[in-house]
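Student: Got run.cif for you, mmCIF, N, CA and C atoms:
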```
data_run
#
loop_
_atom_site.label_atom_id
_atom_site.label_comp_id
_atom_site.auth_asym_id
_atom_site.auth_seq_id
_atom_site.Cartn_x
_atom_site.Cartn_y
_atom_site.Cartn_z
N MET A 8 49.40 44.20 57.12
CA MET A 8 48.07 44.60 56.72
C MET A 8 48.10 45.92 55.94
N GLU A 9 49.08 46.76 56.22
CA GLU A 9 49.13 48.03 55.49
C GLU A 9 49.43 47.80 54.02
N LYS A 10 50.34 46.89 53.74
CA LYS A 10 50.70 46.64 52.35
C LYS A 10 49.69 45.74 51.64
N TYR A 11 49.23 44.67 52.31
CA TYR A 11 48.28 43.72 51.72
C TYR A 11 47.09 43.55 52.66
N ASN A 12 46.20 44.50 52.63
CA ASN A 12 45.03 44.47 53.50
C ASN A 12 44.03 43.45 52.96
N THR A 13 43.99 42.28 53.57
CA THR A 13 43.13 41.21 53.09
C THR A 13 41.65 41.47 53.38
N LEU A 14 41.34 42.46 54.19
CA LEU A 14 39.96 42.79 54.50
C LEU A 14 39.42 43.95 53.66
N GLU A 15 40.28 44.54 52.84
CA GLU A 15 39.89 45.71 52.06
C GLU A 15 38.89 45.35 50.97
N PHE A 16 37.83 46.14 50.86
CA PHE A 16 36.90 46.04 49.74
C PHE A 16 36.99 47.36 49.01
N ASN A 17 37.62 47.35 47.84
CA ASN A 17 37.87 48.57 47.10
C ASN A 17 37.61 48.33 45.61
N PRO A 18 36.34 48.42 45.18
CA PRO A 18 36.01 48.16 43.77
C PRO A 18 36.78 49.04 42.79
N LYS A 19 37.03 50.30 43.16
CA LYS A 19 37.77 51.18 42.24
C LYS A 19 39.20 50.69 42.03
N LYS A 20 39.81 50.18 43.08
CA LYS A 20 41.17 49.64 42.96
C LYS A 20 41.17 48.40 42.05
N GLY A 21 40.18 47.54 42.22
CA GLY A 21 40.05 46.36 41.36
C GLY A 21 39.82 46.75 39.91
N ASP A 22 38.95 47.72 39.70
CA ASP A 22 38.70 48.21 38.34
C ASP A 22 39.97 48.76 37.70
N ALA A 23 40.75 49.50 38.50
CA ALA A 23 41.99 50.08 37.98
C ALA A 23 42.99 48.99 37.61
N LEU A 24 43.07 47.93 38.41
CA LEU A 24 43.98 46.83 38.10
C LEU A 24 43.60 46.16 36.78
N LEU A 25 42.31 45.88 36.59
CA LEU A 25 41.86 45.24 35.34
C LEU A 25 42.03 46.18 34.15
N SER A 26 41.69 47.45 34.32
CA SER A 26 41.87 48.42 33.24
C SER A 26 43.33 48.52 32.84
N GLY A 27 44.21 48.49 33.82
CA GLY A 27 45.64 48.56 33.56
C GLY A 27 46.17 47.38 32.77
N LYS A 28 45.45 46.27 32.81
CA LYS A 28 45.84 45.08 32.05
C LYS A 28 45.13 45.00 30.70
N GLY A 29 44.41 46.06 30.33
CA GLY A 29 43.78 46.12 29.02
C GLY A 29 42.33 45.67 28.97
N TRP A 30 41.72 45.36 30.11
CA TRP A 30 40.33 44.94 30.15
C TRP A 30 39.43 46.18 30.16
N LYS A 31 38.26 46.06 29.52
CA LYS A 31 37.26 47.13 29.51
C LYS A 31 35.89 46.50 29.73
N LYS A 32 35.01 47.26 30.33
CA LYS A 32 33.65 46.75 30.54
C LYS A 32 32.86 46.87 29.24
N ASP A 33 32.16 45.78 28.90
CA ASP A 33 31.36 45.78 27.68
C ASP A 33 29.99 46.42 27.95
N SER A 34 29.10 46.39 26.98
CA SER A 34 27.80 47.04 27.10
C SER A 34 26.92 46.43 28.19
N GLU A 35 27.22 45.19 28.59
CA GLU A 35 26.45 44.54 29.66
C GLU A 35 27.13 44.67 31.03
N GLY A 36 28.27 45.37 31.08
CA GLY A 36 28.94 45.59 32.35
C GLY A 36 29.94 44.53 32.76
N TYR A 37 30.29 43.62 31.82
CA TYR A 37 31.27 42.58 32.12
C TYR A 37 32.63 42.96 31.55
N TRP A 38 33.69 42.56 32.27
CA TRP A 38 35.05 42.84 31.82
C TRP A 38 35.37 42.00 30.60
N SER A 39 35.83 42.67 29.51
CA SER A 39 36.11 41.99 28.25
C SER A 39 37.44 42.48 27.69
N LYS A 40 38.05 41.62 26.89
CA LYS A 40 39.26 41.99 26.15
C LYS A 40 39.33 41.08 24.93
N ASP A 41 39.58 41.69 23.77
CA ASP A 41 39.69 40.94 22.51
C ASP A 41 38.47 40.06 22.26
N GLY A 42 37.29 40.57 22.63
CA GLY A 42 36.05 39.84 22.37
C GLY A 42 35.72 38.75 23.37
N GLY A 43 36.56 38.54 24.37
CA GLY A 43 36.30 37.50 25.38
C GLY A 43 36.16 38.09 26.77
N ARG A 44 35.26 37.52 27.53
CA ARG A 44 35.03 37.97 28.89
C ARG A 44 35.86 37.15 29.88
N ILE A 45 36.09 37.74 31.04
CA ILE A 45 36.66 36.96 32.14
C ILE A 45 35.58 35.98 32.57
N GLN A 46 35.88 34.71 32.58
CA GLN A 46 34.91 33.67 32.91
C GLN A 46 35.46 32.83 34.06
N VAL A 47 34.76 32.83 35.19
CA VAL A 47 35.16 32.04 36.34
C VAL A 47 34.04 31.06 36.66
N ASP A 48 34.22 29.81 36.23
CA ASP A 48 33.27 28.76 36.57
C ASP A 48 33.78 28.05 37.81
N ILE A 49 32.93 27.94 38.81
CA ILE A 49 33.31 27.39 40.11
C ILE A 49 32.60 26.06 40.31
N ILE A 50 33.36 25.05 40.74
CA ILE A 50 32.76 23.77 41.10
C ILE A 50 32.79 23.64 42.62
N GLY A 51 31.80 22.95 43.19
CA GLY A 51 31.73 22.83 44.64
C GLY A 51 31.43 21.42 45.07
N PHE A 52 31.58 21.20 46.38
CA PHE A 52 31.44 19.86 46.95
C PHE A 52 30.95 19.99 48.39
N GLY A 53 30.26 18.98 48.86
CA GLY A 53 29.84 18.90 50.25
C GLY A 53 28.94 20.04 50.67
N ALA A 54 28.97 20.34 51.96
CA ALA A 54 28.11 21.39 52.51
C ALA A 54 28.59 22.79 52.12
N ALA A 55 29.91 22.96 51.96
CA ALA A 55 30.46 24.28 51.65
C ALA A 55 30.07 24.74 50.25
N GLY A 56 30.02 23.82 49.29
CA GLY A 56 29.71 24.19 47.91
C GLY A 56 28.39 24.91 47.75
N PRO A 57 27.27 24.25 48.08
CA PRO A 57 25.98 24.93 47.89
C PRO A 57 25.76 26.09 48.85
N ALA A 58 26.47 26.10 49.97
CA ALA A 58 26.32 27.21 50.92
C ALA A 58 26.99 28.48 50.41
N MET A 59 28.14 28.34 49.76
CA MET A 59 28.91 29.51 49.36
C MET A 59 28.93 29.76 47.85
N GLY A 60 28.77 28.72 47.04
CA GLY A 60 28.88 28.86 45.59
C GLY A 60 27.96 29.88 44.95
N PRO A 61 26.65 29.79 45.18
CA PRO A 61 25.75 30.78 44.57
C PRO A 61 26.04 32.21 45.02
N LEU A 62 26.39 32.38 46.27
CA LEU A 62 26.71 33.71 46.78
C LEU A 62 27.97 34.26 46.12
N LEU A 63 29.00 33.43 46.02
CA LEU A 63 30.26 33.86 45.42
C LEU A 63 30.08 34.22 43.95
N THR A 64 29.33 33.41 43.20
CA THR A 64 29.13 33.72 41.78
C THR A 64 28.35 35.02 41.61
N GLU A 65 27.38 35.26 42.47
CA GLU A 65 26.62 36.51 42.39
C GLU A 65 27.51 37.71 42.70
N MET A 66 28.39 37.58 43.68
CA MET A 66 29.31 38.67 44.01
C MET A 66 30.22 38.98 42.82
N LEU A 67 30.73 37.94 42.16
CA LEU A 67 31.59 38.14 40.99
C LEU A 67 30.82 38.83 39.86
N LYS A 68 29.60 38.38 39.62
CA LYS A 68 28.79 38.99 38.55
C LYS A 68 28.55 40.47 38.81
N ARG A 69 28.30 40.82 40.05
CA ARG A 69 28.05 42.22 40.39
C ARG A 69 29.27 43.10 40.17
N ARG A 70 30.45 42.52 40.13
CA ARG A 70 31.68 43.27 39.87
C ARG A 70 32.14 43.11 38.42
N GLY A 71 31.33 42.46 37.57
CA GLY A 71 31.64 42.40 36.16
C GLY A 71 32.40 41.16 35.71
N ILE A 72 32.41 40.13 36.52
CA ILE A 72 33.07 38.87 36.16
C ILE A 72 32.00 37.83 35.88
N GLU A 73 31.98 37.32 34.66
CA GLU A 73 31.01 36.29 34.31
C GLU A 73 31.36 35.02 35.07
N SER A 74 30.38 34.45 35.77
CA SER A 74 30.67 33.28 36.58
C SER A 74 29.46 32.36 36.68
N ALA A 75 29.75 31.12 37.04
CA ALA A 75 28.71 30.11 37.21
C ALA A 75 29.17 29.14 38.29
N PHE A 76 28.23 28.46 38.92
CA PHE A 76 28.53 27.48 39.94
C PHE A 76 27.85 26.16 39.62
N SER A 77 28.57 25.06 39.84
CA SER A 77 27.98 23.73 39.67
C SER A 77 28.57 22.77 40.68
N MET A 78 27.85 21.67 40.90
CA MET A 78 28.33 20.59 41.77
C MET A 78 28.37 19.31 40.94
N PRO A 79 29.40 19.14 40.12
CA PRO A 79 29.45 17.99 39.23
C PRO A 79 29.64 16.67 39.98
N PRO A 80 29.05 15.59 39.48
CA PRO A 80 29.20 14.29 40.15
C PRO A 80 30.64 13.78 40.14
N ASP A 81 31.46 14.27 39.23
CA ASP A 81 32.87 13.86 39.17
C ASP A 81 33.78 14.89 39.81
N PHE A 82 33.26 15.60 40.82
CA PHE A 82 34.03 16.66 41.48
C PHE A 82 35.40 16.18 41.94
N ASP A 83 35.45 15.08 42.67
CA ASP A 83 36.73 14.60 43.21
C ASP A 83 37.75 14.35 42.12
N ASP A 84 37.33 13.73 41.04
CA ASP A 84 38.24 13.44 39.93
C ASP A 84 38.76 14.74 39.31
N ARG A 85 37.87 15.67 39.04
CA ARG A 85 38.27 16.96 38.46
C ARG A 85 39.16 17.75 39.41
N PHE A 86 38.82 17.71 40.70
CA PHE A 86 39.60 18.44 41.69
C PHE A 86 41.02 17.88 41.77
N GLN A 87 41.16 16.58 41.84
CA GLN A 87 42.48 15.95 41.94
C GLN A 87 43.34 16.20 40.71
N LYS A 88 42.71 16.32 39.55
CA LYS A 88 43.45 16.55 38.30
C LYS A 88 43.64 18.03 38.01
N GLY A 89 43.07 18.90 38.82
CA GLY A 89 43.21 20.34 38.60
C GLY A 89 42.39 20.83 37.41
N GLN A 90 41.31 20.15 37.12
CA GLN A 90 40.46 20.51 35.97
C GLN A 90 39.32 21.42 36.40
N PHE A 91 39.70 22.61 36.87
CA PHE A 91 38.70 23.58 37.29
C PHE A 91 39.35 24.96 37.28
N VAL A 92 38.51 25.99 37.21
CA VAL A 92 39.00 27.36 37.31
C VAL A 92 38.90 27.81 38.76
N GLY A 93 37.77 27.55 39.39
CA GLY A 93 37.57 27.88 40.79
C GLY A 93 36.92 26.71 41.49
N SER A 94 37.22 26.53 42.77
CA SER A 94 36.68 25.40 43.51
C SER A 94 36.40 25.79 44.95
N ILE A 95 35.32 25.23 45.47
CA ILE A 95 34.99 25.37 46.88
C ILE A 95 35.07 23.97 47.47
N TYR A 96 36.01 23.80 48.38
CA TYR A 96 36.25 22.48 48.95
C TYR A 96 36.55 22.65 50.42
N GLY A 97 35.61 22.32 51.27
CA GLY A 97 35.79 22.48 52.70
C GLY A 97 36.34 21.23 53.36
N HIS A 98 36.60 21.33 54.64
CA HIS A 98 37.05 20.19 55.43
C HIS A 98 36.55 20.37 56.86
N GLY A 99 36.75 19.36 57.67
CA GLY A 99 36.26 19.40 59.04
C GLY A 99 37.31 19.89 60.02
N GLY A 100 38.03 20.92 59.66
CA GLY A 100 39.10 21.42 60.51
C GLY A 100 38.59 22.12 61.75
N SER A 101 39.48 22.29 62.70
CA SER A 101 39.17 22.96 63.96
C SER A 101 38.97 24.45 63.72
N ILE A 102 38.04 25.02 64.42
CA ILE A 102 37.82 26.45 64.31
C ILE A 102 38.54 27.17 65.45
N ASN A 103 38.45 26.64 66.65
CA ASN A 103 39.03 27.31 67.82
C ASN A 103 40.51 26.99 68.03
N GLU A 104 40.96 25.86 67.57
CA GLU A 104 42.33 25.42 67.81
C GLU A 104 43.00 25.10 66.48
N PRO A 105 43.91 25.93 65.99
CA PRO A 105 44.51 25.70 64.67
C PRO A 105 45.30 24.41 64.55
N TYR A 106 45.86 23.91 65.66
CA TYR A 106 46.65 22.69 65.56
C TYR A 106 45.78 21.48 65.21
N GLY A 107 44.53 21.49 65.62
CA GLY A 107 43.62 20.41 65.23
C GLY A 107 43.43 20.36 63.73
N MET A 108 43.32 21.53 63.11
CA MET A 108 43.18 21.58 61.66
C MET A 108 44.48 21.16 60.97
N LEU A 109 45.62 21.60 61.49
CA LEU A 109 46.89 21.26 60.88
C LEU A 109 47.15 19.76 60.91
N ARG A 110 46.60 19.05 61.89
CA ARG A 110 46.77 17.59 61.95
C ARG A 110 46.13 16.89 60.75
N LEU A 111 45.18 17.57 60.11
CA LEU A 111 44.56 16.98 58.93
C LEU A 111 45.54 16.86 57.76
N TYR A 112 46.62 17.62 57.81
CA TYR A 112 47.54 17.70 56.68
C TYR A 112 48.90 17.06 56.97
N GLN A 113 48.92 16.06 57.81
CA GLN A 113 50.15 15.34 58.10
C GLN A 113 49.82 13.85 58.23
N GLY A 114 50.83 13.02 58.28
CA GLY A 114 50.58 11.59 58.29
C GLY A 114 51.17 10.84 59.47
N GLN A 115 51.79 11.51 60.43
CA GLN A 115 52.42 10.81 61.55
C GLN A 115 51.45 10.04 62.40
N SER A 116 50.26 10.58 62.62
CA SER A 116 49.31 9.91 63.51
C SER A 116 48.28 9.07 62.76
N VAL A 117 48.46 8.92 61.48
CA VAL A 117 47.53 8.12 60.68
C VAL A 117 48.12 6.73 60.50
N ALA A 118 47.31 5.72 60.80
CA ALA A 118 47.76 4.34 60.64
C ALA A 118 47.68 3.96 59.17
N VAL A 119 48.83 3.90 58.52
CA VAL A 119 48.88 3.52 57.11
C VAL A 119 49.07 2.02 57.04
N PRO A 120 48.18 1.31 56.35
CA PRO A 120 48.32 -0.16 56.27
C PRO A 120 49.67 -0.55 55.66
N ALA A 121 50.35 -1.48 56.32
CA ALA A 121 51.63 -1.96 55.82
C ALA A 121 51.42 -3.06 54.80
N ARG A 122 52.35 -3.18 53.92
CA ARG A 122 52.28 -4.24 52.92
C ARG A 122 52.74 -5.55 53.55
N ILE A 123 51.92 -6.53 53.47
CA ILE A 123 52.24 -7.84 54.05
C ILE A 123 52.72 -8.76 52.96
N TRP A 124 53.90 -9.37 53.20
CA TRP A 124 54.47 -10.27 52.18
C TRP A 124 54.02 -11.66 52.40
#
```
Please lay out the structure from this file as structure tokens.
Tutor:
Amino acid sequence: MEKYNTLEFNPKKGDALLSGKGWKKDSEGYWSKDGGRIQVDIIGFGAAGPAMGPLLTEMLKRRGIESAFSMPPDFDDRFQKGQFVGSIYGHGGSINEPYGMLRLYQGQSVAVPARIW
């Protein structure tokens, strides 16, 4: 946690990182470089998308990142093909017991239909 504090909120540190990469805030307060802004369009799905998407985009805008949120009808197709910049995709994992959630990402206990000749 000392080296990578995942709970740290430090806008000045973030500003310094972007400035160090050549980004500058334009007249509207958005980070720009070579005439282009940082643009993070986020797509969402299910209950997590509309619950978190608008909040996340507003937080990004307040820090100078142009962003938008949408829930496209072809979300699954775009998500599987990696055709997105940002995505909110939840699942029904366990909150109290991590092993319940980890079972979602394995196939030993899933009955996979066999091919019948």
Student: Taking only N, CA and C atoms into account, name the residue in A:Ala55, A:Tyr96, A:Lys88, A:Val47 that is nearest to Ser74 in chain A.
Tutor: A:Val47
Student: Gln46 in chain A: which residues within 9 Å, counting only C-alpha atoms, same-chain residues fewer than 4 positions away excluded, as a PyMOL selection string?
Tutor: chain A and resi 72-75+92
Student: Could you tell me how far atom C of Pro57 in chain A sits from CA of Gly71 in chain A, in Å to one decimal place?
Tutor: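 About the pair CA of Gly71 in chain A and atom C of Pro57 in chain A: they are 21.5 Å apart.
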Student: Considering only N, CA and C atoms, state which residue in the set A:Phe86, A:Ser94, A:Pro79, A:Arg70 is at the smallest distance from Trp38 in chain A.
Tutor: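 Ranking A:Phe86, A:Ser94, A:Pro79, A:Arg70 by distance to Trp38 in chain A, first place goes to A:Arg70.
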Student: Looking at only C-alpha atoms, which of A:Pro80, A:Gly97, A:Pro105, A:Gly21 is the one that sits closest to Ala58 in chain A?
Tutor: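 Of A:Pro80, A:Gly97, A:Pro105, A:Gly21, the one nearest Ala58 in chain A, counting only C-alpha atoms, is A:Gly97.
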Student: So, with only C-alpha atoms as the atoms that count, which of A:Asp83, A:Lys10, A:Lys40, A:Ile95 lies closest to Leu62 in chain A?
Tutor: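 Smallest distance to Leu62 in chain A is found for A:Ile95.
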Student: Evaluate the PyMOL selection byres ((chain A and resi 77) around 6.5) on the structure here and hand back the selected residues as a ChimeraX atom specification.
Tutor: /A:48-51,75-76,78-79
Student: For the atom pair CA of Pro61 in chain A and CA of Asp84 in chain A, what is the interatomic distance in Å to one decimal place?
Tutor: 21.9 Å
Student: Counting only C-alpha atoms, which of A:Pro18, A:Gly56, A:Gly43, A:Gly29 gets nearest to Arg69 in chain A?
Tutor: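 Using only C-alpha atoms, the shortest distance to Arg69 in chain A belongs to A:Pro18.
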Student: Mind listing the strand (DSSP E or B) residues of chain A, per DSSP on the backbone, as a compact mmCIF listing (two decimals) with N, CA and C atoms, in the frame of the given file?
Tutor:
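New file selection_19.txt:
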```
# COMPACT_ATOMS: atom_id res chain seq x y z
N LYS A 31 38.26 46.06 29.52
CA LYS A 31 37.26 47.13 29.51
C LYS A 31 35.89 46.50 29.73
N LYS A 32 35.01 47.26 30.33
CA LYS A 32 33.65 46.75 30.54
C LYS A 32 32.86 46.87 29.24
N TRP A 38 33.69 42.56 32.27
CA TRP A 38 35.05 42.84 31.82
C TRP A 38 35.37 42.00 30.60
N SER A 39 35.83 42.67 29.51
CA SER A 39 36.11 41.99 28.25
C SER A 39 37.44 42.48 27.69
N LYS A 40 38.05 41.62 26.89
CA LYS A 40 39.26 41.99 26.15
C LYS A 40 39.33 41.08 24.93
N GLY A 43 36.56 38.54 24.37
CA GLY A 43 36.30 37.50 25.38
C GLY A 43 36.16 38.09 26.77
N ARG A 44 35.26 37.52 27.53
CA ARG A 44 35.03 37.97 28.89
C ARG A 44 35.86 37.15 29.88
N GLN A 46 35.88 34.71 32.58
CA GLN A 46 34.91 33.67 32.91
C GLN A 46 35.46 32.83 34.06
N VAL A 47 34.76 32.83 35.19
CA VAL A 47 35.16 32.04 36.34
C VAL A 47 34.04 31.06 36.66
N ASP A 48 34.22 29.81 36.23
CA ASP A 48 33.27 28.76 36.57
C ASP A 48 33.78 28.05 37.81
N ILE A 49 32.93 27.94 38.81
CA ILE A 49 33.31 27.39 40.11
C ILE A 49 32.60 26.06 40.31
N ILE A 50 33.36 25.05 40.74
CA ILE A 50 32.76 23.77 41.10
C ILE A 50 32.79 23.64 42.62
N GLY A 51 31.80 22.95 43.19
CA GLY A 51 31.73 22.83 44.64
C GLY A 51 31.43 21.42 45.07
N GLU A 73 31.98 37.32 34.66
CA GLU A 73 31.01 36.29 34.31
C GLU A 73 31.36 35.02 35.07
N SER A 74 30.38 34.45 35.77
CA SER A 74 30.67 33.28 36.58
C SER A 74 29.46 32.36 36.68
N ALA A 75 29.75 31.12 37.04
CA ALA A 75 28.71 30.11 37.21
C ALA A 75 29.17 29.14 38.29
N PHE A 76 28.23 28.46 38.92
CA PHE A 76 28.53 27.48 39.94
C PHE A 76 27.85 26.16 39.62
N SER A 77 28.57 25.06 39.84
CA SER A 77 27.98 23.73 39.67
C SER A 77 28.57 22.77 40.68
N GLY A 93 37.77 27.55 39.39
CA GLY A 93 37.57 27.88 40.79
C GLY A 93 36.92 26.71 41.49
N SER A 94 37.22 26.53 42.77
CA SER A 94 36.68 25.40 43.51
C SER A 94 36.40 25.79 44.95
N ILE A 95 35.32 25.23 45.47
CA ILE A 95 34.99 25.37 46.88
C ILE A 95 35.07 23.97 47.47
```
Student: Could you give me the residues within range 16-46 of chain A that DSSP places in alpha helix (DSSP H), as JSON, numbers by chain?
Tutor: {"A": [18, 19, 20, 21, 22, 23, 24, 25, 26, 27]}
Student: One decimal, in Å: what's the spacing between atom C of Gly107 in chain A and atom N of Glu9 in chain A?
Tutor: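 Computing the Euclidean distance for atom C of Gly107 in chain A and atom N of Glu9 in chain A yields 28.0 Å.
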